[in-house]
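Contents: one structure, followed by commentary.
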Number of protein chains: 2
Amino acid sequence: MKMLQEKILKEGKVIGDSILKVDGFLNHQIDPILVQEIGKEFKRRFGDEKITKVLTIEASGIAMAIFVALEFGVPLVFAKKYKPLTMENSYHTVVHSFTKKRDFDVVVSKDFIKENDVVLIIDDFLAQGGAMAGLIDIVGQAKAKVSGIGIVIEKGFQDGGKKLRGDGYKVESLAIIKGFENGKVIF
Amino acid sequence: MKMLQEKILKEGKVIGDSILKVDGFLNHQIDPILVQEIGKEFKRRFGDEKITKVLTIEASGIAMAIFVALEFGVPLVFAKKYKPLTMENSYHTVVHSFTKKRDFDVVVSKDFIKENDVVLIIDDFLAQGGAMAGLIDIVGQAKAKVSGIGIVIEKGFQDGGKKLRGDGYKVESLAIIKGFENGKVIF
C-alpha cells in the first residue's frame, strides 16, 4: 500500500537494527485518513470472504480494525489484556511478547465469537507472531473459522508471517519490511 | 443521541445499582456504524471550536475517538496505560480507577501534544471523572488548551460531570443516565 509505505519512509523512525517506531501516525498518535484507507484496502483484499466478525487485540489494533469492520458492515471484537470484573464467560489464552519479554493474559467474551463466525483478524504489526497465535487460538476455542489475517506492517525478516502462511492462512500485509540499512527502511 | 439511547435500552445490561454493561456494542464488541455516528455527533456539538488534536485513553475510547478525529481532520492521540520502552520524553500522570479500586500510570509522548494545541478530549464513560482528571492534567502539563470534553455515556448520578462543568469545561455527553430502576436504565 503506497500511502502507508510513503508514510513509513517519511515519518517512521528506525531504532537499532530491528525496531521501527510508527508512533507518530499509527500506534500512539494516529492519522485518521491513513487508518480509513487501511480499512478500504483490507476490504479490497478480503472482499470475497463472507466475514461475520473482525477481531483484533487492544490497544493499537483498534483504530484500524474499526474501519475494516465498517467496510465489511460487521462488528469489531477486540481481545482484552486483562479480564474485566463483569466478564463472566471468556476464552482465555496466554501471549508471549518478544518485545516486552513477558507473557500476558488475553481474553475474549464467549458472547462475541461463536461457532458459526467467520473471522478476519487484524493487527498493526506482525513480527514473531506471538499475539497472532493467541488470537488464532481464541478463534479455535470458539470453533469459529479464521478467514484471513490482515497485517498493517510485517517484519519480513522475522518468522511470524512465514509460519502463518506455512500453516495455510491467507495473510495480507500492507507493508512488508525486508530489513533496515543505515537507519532506512527497506521494503 | 437517540440511536445511542435506543441501543443502550435494547442491548445494555444493568448489573446491581451502578454498573451498565455495554460490551456488546461499545467497549468489547463494537458496532462500527454506531461509533461512526458518534463521531459525526461530536463534530456537530464541537464544530465551532478550532480543534487541533483529539485525545483519548486506551483502550475503549479509541474506536469512537478515531471517528471524531476523522470528522475534524486532525490526529488522534491516545494516552497509554504503561510506558513503552521506546518512548523517551513523556507527560505522566496517575489515574485512580474507582471501578477497579487501584491507581494506574498514564503517559503521553511530549512529541504529540504541544503548547499551541487545542484539544478535544473524548472518552466512552464519565462517572467519578478519574480518567478525565488525568487527561486534563496531561494537557495542562503540555500548556495546551482543553477546548471541550465529549463523553459517550455519562453517569449523571455520579460526580464527574458536575465537577468538570463547575470548573468551566464544555462537557457534551451523548447519553446521560439518571439512574437505574428495576434493572432498567433511566435517562
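Lettering and numbering for the C-alpha cells are positional, with chains as A, B, ... in the shown order, residues counted from 1 in each chain, and ligands counted from 1 in the shown order.
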Taking only C-alpha atoms into account, what are the residues of chain A at most 8 Å from chain B, put as a CSV table (one decimal) with C-alpha atoms, in the first residue's frame?
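Output saved as out_37.csv:
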chain,number,residue,atom,x,y,z
A,21,LYS,CA,8.7,3.4,15.6
A,24,GLY,CA,3.6,9.5,15.1
A,25,PHE,CA,0.9,8.1,12.8
A,28,HIS,CA,0.2,6.4,19.7
A,29,GLN,CA,-0.7,9.4,17.5
A,30,ILE,CA,-3.0,8.1,14.7
A,31,ASP,CA,-3.7,9.7,11.3
A,32,PRO,CA,-7.4,9.0,10.8
A,33,ILE,CA,-7.2,9.3,7.0
A,58,GLU,CA,-6.1,-3.9,22.3
A,59,ALA,CA,-4.9,-1.2,22.1
A,62,ILE,CA,-8.4,-1.0,17.3
A,63,ALA,CA,-8.1,2.2,15.3
A,66,ILE,CA,-12.8,-0.5,13.4
A,67,PHE,CA,-12.5,0.8,9.8
A,69,ALA,CA,-15.3,-3.6,10.4
A,70,LEU,CA,-17.1,-0.6,9.0
A,73,GLY,CA,-20.5,-4.0,7.9
A,74,VAL,CA,-19.8,-6.4,10.8
A,75,PRO,CA,-18.9,-5.9,14.5
A,76,LEU,CA,-15.3,-5.5,15.7
A,77,VAL,CA,-14.3,-7.5,18.7
A,78,PHE,CA,-11.1,-6.6,20.5
A,79,ALA,CA,-9.3,-9.0,22.8
A,80,LYS,CA,-8.5,-7.6,26.2
A,86,THR,CA,-18.0,-8.0,34.8
A,112,PHE,CA,-19.0,-12.4,20.9
Item to check | Members of region 80-153 of chain A assigned alpha helix (DSSP H) by DSSP, as a ChimeraX atom specification | outcome: /A:130-141
Those selected residues, please, written with N, CA and C atoms and delivered as a compact mmCIF listing (two decimals), in the first residue's frame.
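Final output, selection_20.txt:
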# COMPACT_ATOMS: atom_id res chain seq x y z
N GLY A 130 3.55 -13.76 18.04
CA GLY A 130 3.04 -14.18 19.35
C GLY A 130 1.58 -13.80 19.58
N ALA A 131 1.24 -12.54 19.34
CA ALA A 131 -0.14 -12.09 19.55
C ALA A 131 -1.08 -12.79 18.58
N MET A 132 -0.62 -12.98 17.33
CA MET A 132 -1.48 -13.62 16.33
C MET A 132 -1.78 -15.07 16.71
N ALA A 133 -0.79 -15.78 17.23
CA ALA A 133 -1.02 -17.17 17.67
C ALA A 133 -2.10 -17.20 18.75
N GLY A 134 -2.08 -16.21 19.64
CA GLY A 134 -3.09 -16.14 20.69
C GLY A 134 -4.48 -15.89 20.13
N LEU A 135 -4.59 -14.98 19.17
CA LEU A 135 -5.90 -14.67 18.59
C LEU A 135 -6.44 -15.87 17.81
N ILE A 136 -5.56 -16.57 17.09
CA ILE A 136 -5.98 -17.78 16.36
C ILE A 136 -6.44 -18.85 17.34
N ASP A 137 -5.75 -18.97 18.46
CA ASP A 137 -6.12 -19.94 19.49
C ASP A 137 -7.53 -19.64 20.01
N ILE A 138 -7.83 -18.36 20.22
CA ILE A 138 -9.15 -17.99 20.73
C ILE A 138 -10.26 -18.32 19.71
N VAL A 139 -10.00 -18.02 18.44
CA VAL A 139 -10.99 -18.36 17.40
C VAL A 139 -11.19 -19.88 17.36
N GLY A 140 -10.11 -20.62 17.53
CA GLY A 140 -10.19 -22.08 17.57
C GLY A 140 -11.01 -22.59 18.75
N GLN A 141 -10.80 -21.99 19.91
CA GLN A 141 -11.58 -22.39 21.10
C GLN A 141 -13.08 -22.19 20.86
Checklist entry - Can you tell me, as number ranges by chain, what residues are no more than 12 Å from Lys162 (chain A) when counting only C-alpha atoms, ignoring any on the same chain fewer than 5 positions away? => result A: 126-129, 154-157, 167-173, 176
So which residues touch Val118 (chain B) within 6 Å, counting only C-alpha atoms, skipping near sequence neighbours fewer than 3 positions away, as an mmCIF file with C-alpha atoms, in the first residue's frame?
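Once everything was written out, this is result.cif:
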data_model
loop_
_atom_site.group_PDB
_atom_site.id
_atom_site.type_symbol
_atom_site.label_atom_id
_atom_site.label_comp_id
_atom_site.auth_asym_id
_atom_site.auth_seq_id
_atom_site.Cartn_x
_atom_site.Cartn_y
_atom_site.Cartn_z
ATOM 1 C CA ILE B 51 -9.574 21.658 17.361
ATOM 2 C CA THR B 52 -6.009 20.581 16.513
ATOM 3 C CA LYS B 145 -5.823 24.160 25.818
ATOM 4 C CA SER B 147 -11.364 23.029 24.139
#
Checklist entry - By how many Å are CA of Glu37 (chain A) and CA of Val152 (chain A) apart? => result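 Taking CA of Glu37 (chain A) as the start and CA of Val152 (chain A) as the end point, the length is 11.3 Å.
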Next on the checklist: Which residues are close to region 102-106 of chain A, i.e. within 7 Å by only C-alpha atoms, leaving aside same-chain residues fewer than 2 positions away? Reply as a list of chain:residue names.
Outcome noted: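 In the requested form, the answer reads A:Ala79, A:Lys80, A:Lys81, A:Tyr82, A:His92, A:Thr93, A:Val94, A:Val95, A:His96, A:Ser97, A:Lys100.
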Using the selection just defined, write its residues with N, CA, C and O atoms as a compact mmCIF listing (two decimals), in the first residue's frame.
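Below you can see out-v4.txt, which holds the result:
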# COMPACT_ATOMS: atom_id res chain seq x y z
N ALA A 79 -9.77 -8.23 21.63
CA ALA A 79 -9.33 -9.04 22.76
C ALA A 79 -8.73 -8.13 23.82
O ALA A 79 -8.08 -7.14 23.50
N LYS A 80 -9.00 -8.47 25.07
CA LYS A 80 -8.53 -7.63 26.18
C LYS A 80 -7.34 -8.29 26.88
O LYS A 80 -7.25 -9.50 26.96
N LYS A 81 -6.47 -7.42 27.40
CA LYS A 81 -5.25 -7.91 28.04
C LYS A 81 -5.43 -8.10 29.54
O LYS A 81 -4.48 -8.35 30.26
N TYR A 82 -6.63 -7.92 30.02
CA TYR A 82 -6.95 -8.25 31.40
C TYR A 82 -8.42 -8.66 31.38
O TYR A 82 -9.15 -8.35 30.44
N HIS A 92 -9.72 -17.78 26.98
CA HIS A 92 -8.50 -17.26 27.59
C HIS A 92 -7.29 -17.88 26.92
O HIS A 92 -7.29 -19.08 26.61
N THR A 93 -6.29 -17.06 26.65
CA THR A 93 -5.04 -17.60 26.13
C THR A 93 -3.88 -16.78 26.70
O THR A 93 -4.10 -15.73 27.29
N VAL A 94 -2.68 -17.30 26.55
CA VAL A 94 -1.50 -16.57 27.03
C VAL A 94 -0.64 -16.22 25.82
O VAL A 94 -0.37 -17.07 24.97
N VAL A 95 -0.26 -14.95 25.75
CA VAL A 95 0.54 -14.48 24.63
C VAL A 95 1.93 -14.11 25.14
O VAL A 95 2.05 -13.44 26.17
N HIS A 96 2.94 -14.56 24.41
CA HIS A 96 4.29 -14.14 24.77
C HIS A 96 4.69 -12.94 23.92
O HIS A 96 4.64 -13.00 22.69
N SER A 97 5.04 -11.85 24.58
CA SER A 97 5.54 -10.69 23.86
C SER A 97 7.06 -10.76 23.80
O SER A 97 7.74 -10.69 24.83
N LYS A 100 8.43 -7.20 24.73
CA LYS A 100 8.42 -6.84 26.15
C LYS A 100 8.98 -7.95 27.04
O LYS A 100 9.04 -7.79 28.26
Checklist entry - Could you work out how far CA of Ile151 (chain A) lies from CA of Ile121 (chain A), giving the answer in Å with one decimal? => result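 Between CA of Ile121 (chain A) and CA of Ile151 (chain A) the gap is 8.4 Å.
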Item to check | Those of region 2-186 of chain A in DSSP strand (DSSP E or B), formatted as a ChimeraX atom specification | outcome: /A:13-15,19-21,29-30,53-57,76-80,90-97,102-109,118-126,145-155,171-177,179-181,184-186
Checklist entry - Which of these residues is nearest to Leu4 (chain B), using only C-alpha atoms: B:Glu115, B:Asp48, B:Glu88, B:Asp124? => result B:Asp124
